[in-house]
Amino acid sequence: MLIGSLPVAGLDFSTLPQQLTDGLLLGFIYALIALGYTMVYGVLKLINFAHGEVFMFGAYAALFTSWALGYTPNHALGTGTPWMLGVMLLAAMTFCGLLGVLIERLAYRPLRTQPRIASLITAIGISLLLQYGGQIFLPLNQNIDSKINPFGGSLEIALSGSAKVDTVALDAEVKSASEKFDAYLKSSGEDAFNLKTDEGRSLRNAKQDAERKLRDAKSAGEGKTLVISYGKLIAMGTTIVLMIGLTYLVLFTKAGRAMRAVSHDFDAASLMGINVNTIVTFTFALGSCLAGAGAMMVATFYAGTKIDTFFGMVLGVKAFVAAVLGGIGNIPGAVLGGLLMGVTEGLVAWAGSTAYKDAVAFVVLILVLLLRPGGLLGSAKVEKV
Amino acid sequence: MSLLALDEATIKFGGLTAVNAVSFRIQPGELFGLIGPNGAGKTTCFNLITGVYRPTSGCIKFGDRDIQGSPPNLIASLGIARTFQNIRLFKSLSVLENVVVGGYLRHKSSFWSAVNFFPSAIRDTERLRSEAMDLLRVLNLAHVADARSADLSYGMQRRLEIARAMATQPKLLLLDEPAAGMNPQEKEELNGMVQRIRDEFGLTVLLIEHDMRFVMSLCERIVVLDAGREIAQGPPAEIRSNPKVIAAYLGEAV
Amino acid sequence: MNQFWLVRAGSFVLAFAFAFALDAAFGGGGYAQRLVMLAALWVTLAVSLNLINGITGQFSMGHAGFYAVGAYTAAILTTLNPALAEQNKLAWLLLMIPTGALVGAIAGFVVGVPSLRLRGDYLAIVTLGFGEIVRIVAQNINIKTPKGDVGGAYGFTLDVKLTAVWVAWMLAIAVIAICRNLLRTAHGLAFLAVREDEVAALAMGVNVTRTKVTAFVIGSAMAGAAGAILALFEGRASPDMFTMDQSFIVVTMVVLGGTGSITGSVLAALLLFYLPEKTRELSNMPISSVAGLFIGIGVAVSLARMIQQRYHGPVAQRIGLNFGAIGAGVVTMAVIGFVLQQVPAIAAQPLVAGAKLRMVVFAIVLIVLMLLRPQGVLGHHEFSWDWVRRTLFRKPAEVPA
């Protein structure tokens, strides 16, 4: 009775497990990219805005490798093998590592003695250059052929009596509505954002209505079974392995110790005989490698991923927010932030407001920062007077 | 009535008690010294008085008003001005502009008239500029009024900090190691300057200083802190021969 | 006193004359009008963000959010009252500008009060987040009108369209005047003091929180006013007009001009707006030439940096050497372009549309200017002929001993 009087009443709890699982799995990817932001910030106190673009190029590296392996858009090959995925992963990581180092060398190192804002602006510049320059030189709107992935199936866990909803009719409706709208646009030569006639507007509304109906029907049918694709599980496993590797590197190797020293105090570290330039290069290489791995896995295992040059922006910004959420500069913080971000998105998607999904990430970030100005695991610096 | 009174002022940072139940009173017009070895809590005392930190317990009275925990800008407007140990000038502003900011509390024109550049705002700013120029003459900085403050020599920067603090027209002036990094001749000049400021402007001065000769020759009364605690209080001659003080400085020539 | 008002009246007349002259020269519609109109809005945005970022030192990256708030305010009110707007278009525009400014100011206050406690990068991130929140909320605004639901991702299309170039330029001039006036008073020095050192400013009795919030609110109000003009000029307001890129571009204008310098912001805004627009007119070119261009620029910039760092001879010789660097870049461009064109696979690629190069040119200008002049075009200075003279014929020892 009490529940009934709360606004929660409208929510369908049966879809919660699916959304949370998807969110958590995606959270691992966020965490992987967030690590790159956080490590660079740790040593240079620089927000590496180009990190999202390194990620984007990682996806392209994976794409081109898949083409090199024969999976071009018109191939006639069967299912791929695990070693192909391994090659793609390595290619993406290597390429991203090199790209990250190159960016640091050309755009950040010359400005290291200047105010940090200068490097921030070149970071934005590099990011724009890669996005829009890529538009000229790279193929757009590509996807890695799903056949290359030998782990195509899904793990299905029945939660309760399952009932599949038939969306065929609705699919057809959406298709016909958008065809009509497209035909209108073509005939009138108008821009979808700038319609001039009522006819155009009503066609657009019809299309939006049909899409909304389909979305609602789909979400009503979800959740009776928990569906997790094997690919996503493998992505999670790989991420965890990479994170363990990173932890080992940072905590138990000489380079890792030097990295921590540099992030603690840049100048003091250089006075202690640490080659700061080598460590910065190393950090960029490491962070970019992780982004490359994340990119390859998103592009390969997340069905329907379209690779274009703006591909890295949304994911990059979210990963960055995750890094700040956990406390930027703090490695466990980045992982925590990434997972939290994924789960939060899952929750929001479950609550039915996918439209606000991206906004919620920022709202959470702002709330956390206002309560803990240094992020969840970070500590706010107190200025000495 | 005393001008400034600390009563059992205490502040803890985590497990560390930086200032532990320190009490002293400063009479109007006094030249009062605060000394002690490094890490004794002298600058923290300044930060408590000026509102940068809020005392964990205890009471700080300025005149008859409790000021502990008030925001720094309010305390400044009540008439306490300070300089900083690690020089905090407005680096990219000119010397004159630094001092004008010190006079900001005394501006009379509204924000609205400033935005519109009304005659009242122009006159007000002109007045503050000429007052600032007068102060620069007192502190012998008038010839560098248009230089960027970051470009000044160390000793000049210290003097500029004093000028800027004076521009707030305080009743009580807190000087944090004003002679640090100065050569003997500059210290000599500073000594005379502080005395002259006190006499001409009717100020009360509380200063932290490591140079014993400087403090002993300048101050009329001295408080000694060690590890957050107050270990002695009195006129220089008494402090000089106090065994606790000598012990605290571990045989350093006093 | 009388003289003051005389000067004041004179400057008003001059400002109006300038704005109306622009209107008369370019207000006839078409591309030229669009350029002049948008230039005024970018100048307004850059100068208003300079008040927050450059003068008060609060690193905000969400300026497009406030721009959007103003634009949406005007667009929604116009959608709701189409008849009223139609009655007297100019009066409606003049009403929408202060309304947009007011709503922008309120948004600035709501965002500013809690987040200005944060410092540096964290403030930047929170404001960036705010900009995104505004855009996403805008995507979900739907309004029922007699013509059906409007809004959403497609935004609002207005029937009223206003192209008063002079109004936009009067706003830009007003914004510049406000910032300049402020900087010439003790009030303005308090803003600068907050940028330089918050602790010291507090000790001087400056109410740091109030100063920051004031700067933030005024800056947001200015952006809101510009947004209202934009919505009525474009005849629409949609979320895609206010992306993160827009915020980045404004920040870049401020930094490139030299943080704190009003004239710098104006110059950088005009440069960064005009240059990419100009590249729209570039003719289509083969992909080999584009590649050659990129590499040529890289060579020229590397050489220029080397000259900057290693060679400290007289100005004339340095300028000569820099021309040499540019020459080397041009030669590299030609050679690489020619060689690549000989490769059949590359020569077979379709031509690159000039318009596609717009943002690329923007990015390159950004990187090159930052690498060669990290303190911004004007540094902390305001533009003056005296400054030009001093920079070109630098005399040693500016500071008296």
# chains A, B, ... in the order shown; residues from 1 in each chain; ligands from 1

$ interface_residues --of "chain B" --to "chain C" --cutoff "9 Å" --atoms "only C-alpha atoms" --output "NGL selection string"
:B and (50-52 or 71-77 or 80-84 or 88-93 or 97-98 or 100-105 or 107 or 109-111 or 114-119 or 121-122 or 124-126 or 128-129 or 143-144 or 146-148 or 151-153 or 164-165 or 167-168)

$ interface_residues --of "chain C" --to "chain A" --cutoff "7 Å" --atoms "only C-alpha atoms" --output "NGL selection string"
:C and (115 or 118 or 126 or 129 or 132-133 or 136 or 154 or 157 or 252 or 352 or 359-360 or 363-364 or 366-367 or 370-371 or 374)

$ write_last_selection --atoms "N, CA and C atoms" --output "CSV table (one decimal), in the first residue's frame"
chain,number,residue,atom,x,y,z
C,115,SER,N,29.0,26.2,-6.9
C,115,SER,CA,30.2,25.7,-7.5
C,115,SER,C,31.4,26.6,-7.4
C,118,LEU,N,34.5,25.6,-5.5
C,118,LEU,CA,35.5,24.7,-6.1
C,118,LEU,C,36.6,25.5,-6.8
C,126,VAL,N,32.8,21.2,-13.4
C,126,VAL,CA,31.4,21.4,-12.9
C,126,VAL,C,30.7,22.3,-13.9
C,129,GLY,N,30.0,20.4,-17.0
C,129,GLY,CA,28.8,19.6,-16.7
C,129,GLY,C,27.5,20.4,-16.8
C,132,GLU,N,26.5,20.9,-20.4
C,132,GLU,CA,25.9,19.7,-20.9
C,132,GLU,C,24.5,19.4,-20.4
C,133,ILE,N,24.3,19.7,-19.1
C,133,ILE,CA,22.9,19.5,-18.5
C,133,ILE,C,21.9,20.4,-19.2
C,136,ILE,N,21.1,18.9,-22.6
C,136,ILE,CA,20.3,17.7,-22.5
C,136,ILE,C,18.8,18.0,-22.1
C,154,TYR,N,14.8,18.6,-32.1
C,154,TYR,CA,14.8,19.5,-33.3
C,154,TYR,C,14.7,20.9,-32.9
C,157,THR,N,11.5,26.2,-34.0
C,157,THR,CA,11.6,27.0,-35.2
C,157,THR,C,10.6,28.1,-35.1
C,252,THR,N,38.7,29.2,-25.7
C,252,THR,CA,39.9,29.4,-26.5
C,252,THR,C,40.1,30.8,-26.9
C,352,VAL,N,38.5,16.8,-51.5
C,352,VAL,CA,38.0,17.2,-50.2
C,352,VAL,C,37.3,18.5,-50.3
C,359,MET,N,36.7,23.3,-39.3
C,359,MET,CA,37.1,23.1,-38.0
C,359,MET,C,38.6,22.6,-37.9
C,360,VAL,N,39.1,22.0,-39.0
C,360,VAL,CA,40.5,21.6,-39.0
C,360,VAL,C,41.4,22.9,-38.9
C,363,ALA,N,41.3,24.2,-35.5
C,363,ALA,CA,42.2,23.5,-34.6
C,363,ALA,C,43.6,23.8,-34.8
C,364,ILE,N,44.0,23.9,-36.1
C,364,ILE,CA,45.4,24.1,-36.4
C,364,ILE,C,45.8,25.5,-35.9
C,366,LEU,N,44.6,27.2,-33.5
C,366,LEU,CA,44.6,27.1,-32.0
C,366,LEU,C,46.0,26.5,-31.6
C,367,ILE,N,46.4,25.4,-32.1
C,367,ILE,CA,47.6,24.7,-31.7
C,367,ILE,C,48.8,25.6,-32.0
C,370,MET,N,49.1,28.7,-29.8
C,370,MET,CA,49.4,28.3,-28.4
C,370,MET,C,50.9,27.9,-28.3
C,371,LEU,N,51.4,27.2,-29.3
C,371,LEU,CA,52.8,26.7,-29.3
C,371,LEU,C,53.7,27.9,-29.4
C,374,PRO,N,52.2,31.1,-26.0
C,374,PRO,CA,51.3,30.5,-25.0
C,374,PRO,C,50.7,31.5,-24.1

$ residues_around --residues "Ala85 of chain C" --least-positions-apart "2" --cutoff "12 Å" --atoms "only C-alpha atoms" --output "PyMOL selection string"
chain C and resi 74-83+87-96+158-162+232

$ write_last_selection --atoms "C-alpha atoms" --output "short mmCIF file (atom, residue, chain, number, x, y, z; two decimals), in the first residue's frame"
data_model
loop_
_atom_site.label_atom_id
_atom_site.label_comp_id
_atom_site.auth_asym_id
_atom_site.auth_seq_id
_atom_site.Cartn_x
_atom_site.Cartn_y
_atom_site.Cartn_z
CA ALA C 74 13.61 33.95 -26.25
CA ALA C 75 12.58 31.02 -28.44
CA ILE C 76 10.00 29.65 -25.99
CA LEU C 77 8.48 33.05 -25.25
CA THR C 78 8.24 33.73 -28.98
CA THR C 79 6.64 30.34 -29.63
CA LEU C 80 4.09 31.00 -26.91
CA ASN C 81 3.28 34.55 -28.05
CA PRO C 82 3.64 34.52 -31.82
CA ALA C 83 1.08 37.28 -32.36
CA GLN C 87 3.16 42.97 -33.84
CA ASN C 88 6.37 44.90 -33.40
CA LYS C 89 9.40 42.80 -34.13
CA LEU C 90 12.04 45.26 -33.00
CA ALA C 91 10.26 45.98 -29.71
CA TRP C 92 10.00 42.23 -29.15
CA LEU C 93 13.74 41.82 -29.74
CA LEU C 94 14.50 44.69 -27.38
CA LEU C 95 12.26 43.03 -24.78
CA MET C 96 13.79 39.58 -25.28
CA LEU C 158 10.31 30.52 -35.01
CA ASP C 159 8.12 32.29 -37.51
CA VAL C 160 9.57 35.62 -36.45
CA LYS C 161 13.03 36.36 -37.71
CA LEU C 162 14.96 39.46 -36.79
CA LEU C 232 15.68 35.56 -32.99
#

$ closest_atom_pairs --of "chain B" --to "chain A" --cutoff "10 Å" --atoms "only C-alpha atoms" --output "Markdown table"
| residue | atom | partner | partner_atom | distance |
| --- | --- | --- | --- | --- |
| B:Thr43 | CA | A:Val385 | CA | 8.4 |
| B:Thr44 | CA | A:Val385 | CA | 8.8 |
| B:Phe46 | CA | A:Val385 | CA | 9.9 |
| B:Asn47 | CA | A:Val385 | CA | 7.8 |
| B:Val52 | CA | A:Val385 | CA | 8.2 |
| B:Tyr53 | CA | A:Val385 | CA | 9.9 |
| B:Phe84 | CA | A:Val385 | CA | 7.7 |
| B:Gln85 | CA | A:Val385 | CA | 8.3 |
| B:Asn86 | CA | A:Val385 | CA | 7.8 |
| B:Ile87 | CA | A:Val385 | CA | 9.8 |
| B:Arg88 | CA | A:Val385 | CA | 9.0 |

$ write_last_selection --atoms "C-alpha atoms" --output "short mmCIF file (atom, residue, chain, number, x, y, z; two decimals), in the first residue's frame"
data_model
loop_
_atom_site.label_atom_id
_atom_site.label_comp_id
_atom_site.auth_asym_id
_atom_site.auth_seq_id
_atom_site.Cartn_x
_atom_site.Cartn_y
_atom_site.Cartn_z
CA THR B 43 51.86 31.88 11.78
CA THR B 44 48.97 29.68 12.85
CA PHE B 46 48.12 34.93 12.87
CA ASN B 47 45.77 32.75 10.87
CA VAL B 52 41.85 32.06 7.99
CA TYR B 53 41.33 29.26 10.54
CA PHE B 84 52.26 37.15 4.73
CA GLN B 85 55.34 35.15 5.55
CA ASN B 86 55.52 33.74 2.01
CA ILE B 87 54.74 37.06 0.28
CA ARG B 88 51.33 37.04 -1.34
#

$ select_by_dssp --residues "segment 47-86 of chain A" --states "helix (DSSP H, G or I)" --output "list of chain:residue names"
A:His51, A:Gly52, A:Glu53, A:Val54, A:Phe55, A:Met56, A:Phe57, A:Gly58, A:Ala59, A:Tyr60, A:Ala61, A:Ala62, A:Leu63, A:Phe64, A:Thr65, A:Ser66, A:Trp67, A:Ala68, A:Pro82, A:Trp83, A:Met84, A:Leu85, A:Gly86

$ write_last_selection --atoms "C-alpha atoms" --output "compact mmCIF listing (two decimals), in the first residue's frame"
# COMPACT_ATOMS: atom_id res chain seq x y z
CA HIS A 51 42.22 11.13 -24.63
CA GLY A 52 38.75 10.53 -26.07
CA GLU A 53 40.22 10.91 -29.55
CA VAL A 54 43.01 8.45 -28.74
CA PHE A 55 40.19 6.07 -27.84
CA MET A 56 38.49 6.83 -31.15
CA PHE A 57 41.68 6.03 -33.07
CA GLY A 58 41.92 2.80 -31.10
CA ALA A 59 38.58 1.77 -32.55
CA TYR A 60 39.85 2.63 -36.03
CA ALA A 61 43.01 0.62 -35.43
CA ALA A 62 40.85 -2.35 -34.47
CA LEU A 63 38.67 -1.79 -37.53
CA PHE A 64 41.60 -1.66 -39.94
CA THR A 65 43.12 -4.73 -38.35
CA SER A 66 39.87 -6.60 -38.86
CA TRP A 67 39.94 -5.52 -42.49
CA ALA A 68 43.53 -6.70 -42.78
CA PRO A 82 39.99 -15.85 -30.73
CA TRP A 83 43.54 -15.10 -31.92
CA MET A 84 42.10 -12.61 -34.39
CA LEU A 85 40.56 -10.75 -31.48
CA GLY A 86 43.93 -10.90 -29.73

$ residues_around --residues "Ile176 of chain C" --least-positions-apart "6" --cutoff "8 Å" --atoms "only C-alpha atoms" --output "list in words"
Thr44, Val47 and Ile262 of chain C

$ residues_around --residues "segment 234-246 of chain A" --least-positions-apart "2" --cutoff "10 Å" --atoms "only C-alpha atoms" --output "ChimeraX atom specification"
/A:24-29,31-32,35,151,229-232,248-252,256,286-287,289-290,293-294,296-298,300-302,331-332,335

$ residues_around --residues "Glu189 of chain B" --least-positions-apart "5" --cutoff "12 Å" --atoms "only C-alpha atoms" --output "list in words"
Leu139, Asn140, Gly155, Met156, Arg159, Pro178, Ala179, Met182, Asn183, Pro184, Val194, Gln195, Arg196, Phe214 and Leu218 of chain B

$ write_last_selection --atoms "N, CA and C atoms" --output "mmCIF file, in the first residue's frame"
data_model
loop_
_atom_site.group_PDB
_atom_site.id
_atom_site.type_symbol
_atom_site.label_atom_id
_atom_site.label_comp_id
_atom_site.auth_asym_id
_atom_site.auth_seq_id
_atom_site.Cartn_x
_atom_site.Cartn_y
_atom_site.Cartn_z
ATOM 1 N N LEU B 139 56.687 54.370 2.539
ATOM 2 C CA LEU B 139 57.479 53.144 2.535
ATOM 3 C C LEU B 139 58.574 53.154 1.485
ATOM 4 N N ASN B 140 58.806 54.363 0.929
ATOM 5 C CA ASN B 140 59.925 54.519 0.010
ATOM 6 C C ASN B 140 59.791 53.616 -1.222
ATOM 7 N N GLY B 155 63.207 42.607 -0.808
ATOM 8 C CA GLY B 155 62.985 43.576 0.266
ATOM 9 C C GLY B 155 61.855 44.543 -0.078
ATOM 10 N N MET B 156 61.817 44.950 -1.355
ATOM 11 C CA MET B 156 60.762 45.856 -1.799
ATOM 12 C C MET B 156 59.400 45.176 -1.711
ATOM 13 N N ARG B 159 58.194 45.328 1.772
ATOM 14 C CA ARG B 159 57.709 46.659 2.116
ATOM 15 C C ARG B 159 56.358 46.921 1.452
ATOM 16 N N PRO B 178 58.640 40.251 8.740
ATOM 17 C CA PRO B 178 58.859 41.330 7.774
ATOM 18 C C PRO B 178 60.319 41.469 7.358
ATOM 19 N N ALA B 179 61.258 41.019 8.176
ATOM 20 C CA ALA B 179 62.668 41.240 7.857
ATOM 21 C C ALA B 179 63.324 40.030 7.207
ATOM 22 N N MET B 182 66.147 39.992 4.343
ATOM 23 C CA MET B 182 66.719 41.325 4.133
ATOM 24 C C MET B 182 68.154 41.355 4.636
ATOM 25 N N ASN B 183 68.964 42.239 4.047
ATOM 26 C CA ASN B 183 70.325 42.389 4.549
ATOM 27 C C ASN B 183 70.317 43.345 5.751
ATOM 28 N N PRO B 184 71.422 43.378 6.518
ATOM 29 C CA PRO B 184 71.421 44.150 7.768
ATOM 30 C C PRO B 184 71.002 45.605 7.574
ATOM 31 N N VAL B 194 59.071 50.797 10.807
ATOM 32 C CA VAL B 194 57.968 50.251 11.608
ATOM 33 C C VAL B 194 57.681 51.183 12.785
ATOM 34 N N GLN B 195 58.756 51.675 13.432
ATOM 35 C CA GLN B 195 58.545 52.596 14.556
ATOM 36 C C GLN B 195 57.834 53.866 14.094
ATOM 37 N N ARG B 196 58.286 54.383 12.936
ATOM 38 C CA ARG B 196 57.699 55.623 12.445
ATOM 39 C C ARG B 196 56.223 55.417 12.109
ATOM 40 N N PHE B 214 66.652 42.125 15.890
ATOM 41 C CA PHE B 214 65.599 42.960 15.333
ATOM 42 C C PHE B 214 64.424 43.056 16.307
ATOM 43 N N LEU B 218 63.209 46.278 18.705
ATOM 44 C CA LEU B 218 61.998 46.944 18.238
ATOM 45 C C LEU B 218 60.832 46.803 19.213
#

$ select_by_dssp --residues "segment 149-309 of chain C" --states "strand (DSSP E)" --output "number ranges by chain"
C: 149-151, 156-157, 236-237

$ residues_around --residues "segment 266-271 of chain C" --least-positions-apart "2" --cutoff "9 Å" --atoms "only C-alpha atoms" --output "list in words"
Ala39, Ala40, Trp42, Val43, Thr44, Leu45, Ala46, Val47, Ile176, Ile249, Val250, Thr252, Met253, Val254, Val255, Leu256, Gly257, Gly258, Ser261, Ile262, Thr263, Gly264, Phe273, Tyr274, Leu275, Pro276 and Val377 of chain C

$ write_last_selection --atoms "C-alpha atoms" --output "mmCIF file, in the first residue's frame"
data_model
loop_
_atom_site.group_PDB
_atom_site.id
_atom_site.type_symbol
_atom_site.label_atom_id
_atom_site.label_comp_id
_atom_site.auth_asym_id
_atom_site.auth_seq_id
_atom_site.Cartn_x
_atom_site.Cartn_y
_atom_site.Cartn_z
ATOM 1 C CA ALA C 39 30.822 38.233 -35.078
ATOM 2 C CA ALA C 40 29.052 40.573 -32.633
ATOM 3 C CA TRP C 42 31.049 35.876 -30.488
ATOM 4 C CA VAL C 43 32.654 39.106 -29.309
ATOM 5 C CA THR C 44 29.978 39.372 -26.619
ATOM 6 C CA LEU C 45 30.548 35.775 -25.538
ATOM 7 C CA ALA C 46 34.320 36.075 -25.454
ATOM 8 C CA VAL C 47 34.365 39.371 -23.553
ATOM 9 C CA ILE C 176 33.047 45.784 -23.736
ATOM 10 C CA ILE C 249 35.626 27.815 -28.655
ATOM 11 C CA VAL C 250 34.744 30.670 -26.297
ATOM 12 C CA THR C 252 39.882 29.378 -26.539
ATOM 13 C CA MET C 253 39.070 32.914 -27.622
ATOM 14 C CA VAL C 254 39.710 34.164 -24.097
ATOM 15 C CA VAL C 255 42.976 32.297 -23.659
ATOM 16 C CA LEU C 256 44.226 33.044 -27.143
ATOM 17 C CA GLY C 257 43.541 36.742 -26.717
ATOM 18 C CA GLY C 258 45.470 36.719 -23.465
ATOM 19 C CA SER C 261 42.793 41.394 -21.820
ATOM 20 C CA ILE C 262 39.499 42.771 -23.166
ATOM 21 C CA THR C 263 40.985 43.894 -26.453
ATOM 22 C CA GLY C 264 42.657 40.497 -26.703
ATOM 23 C CA PHE C 273 35.276 33.283 -35.887
ATOM 24 C CA TYR C 274 36.259 34.844 -39.162
ATOM 25 C CA LEU C 275 39.101 32.552 -40.202
ATOM 26 C CA PRO C 276 37.174 29.254 -40.158
ATOM 27 C CA VAL C 377 48.193 37.245 -28.448
#

$ atom_distance --atom1 "atom CA of Ser149 of chain B" --atom2 "atom CA of Arg123 of chain B"
24.6 Å
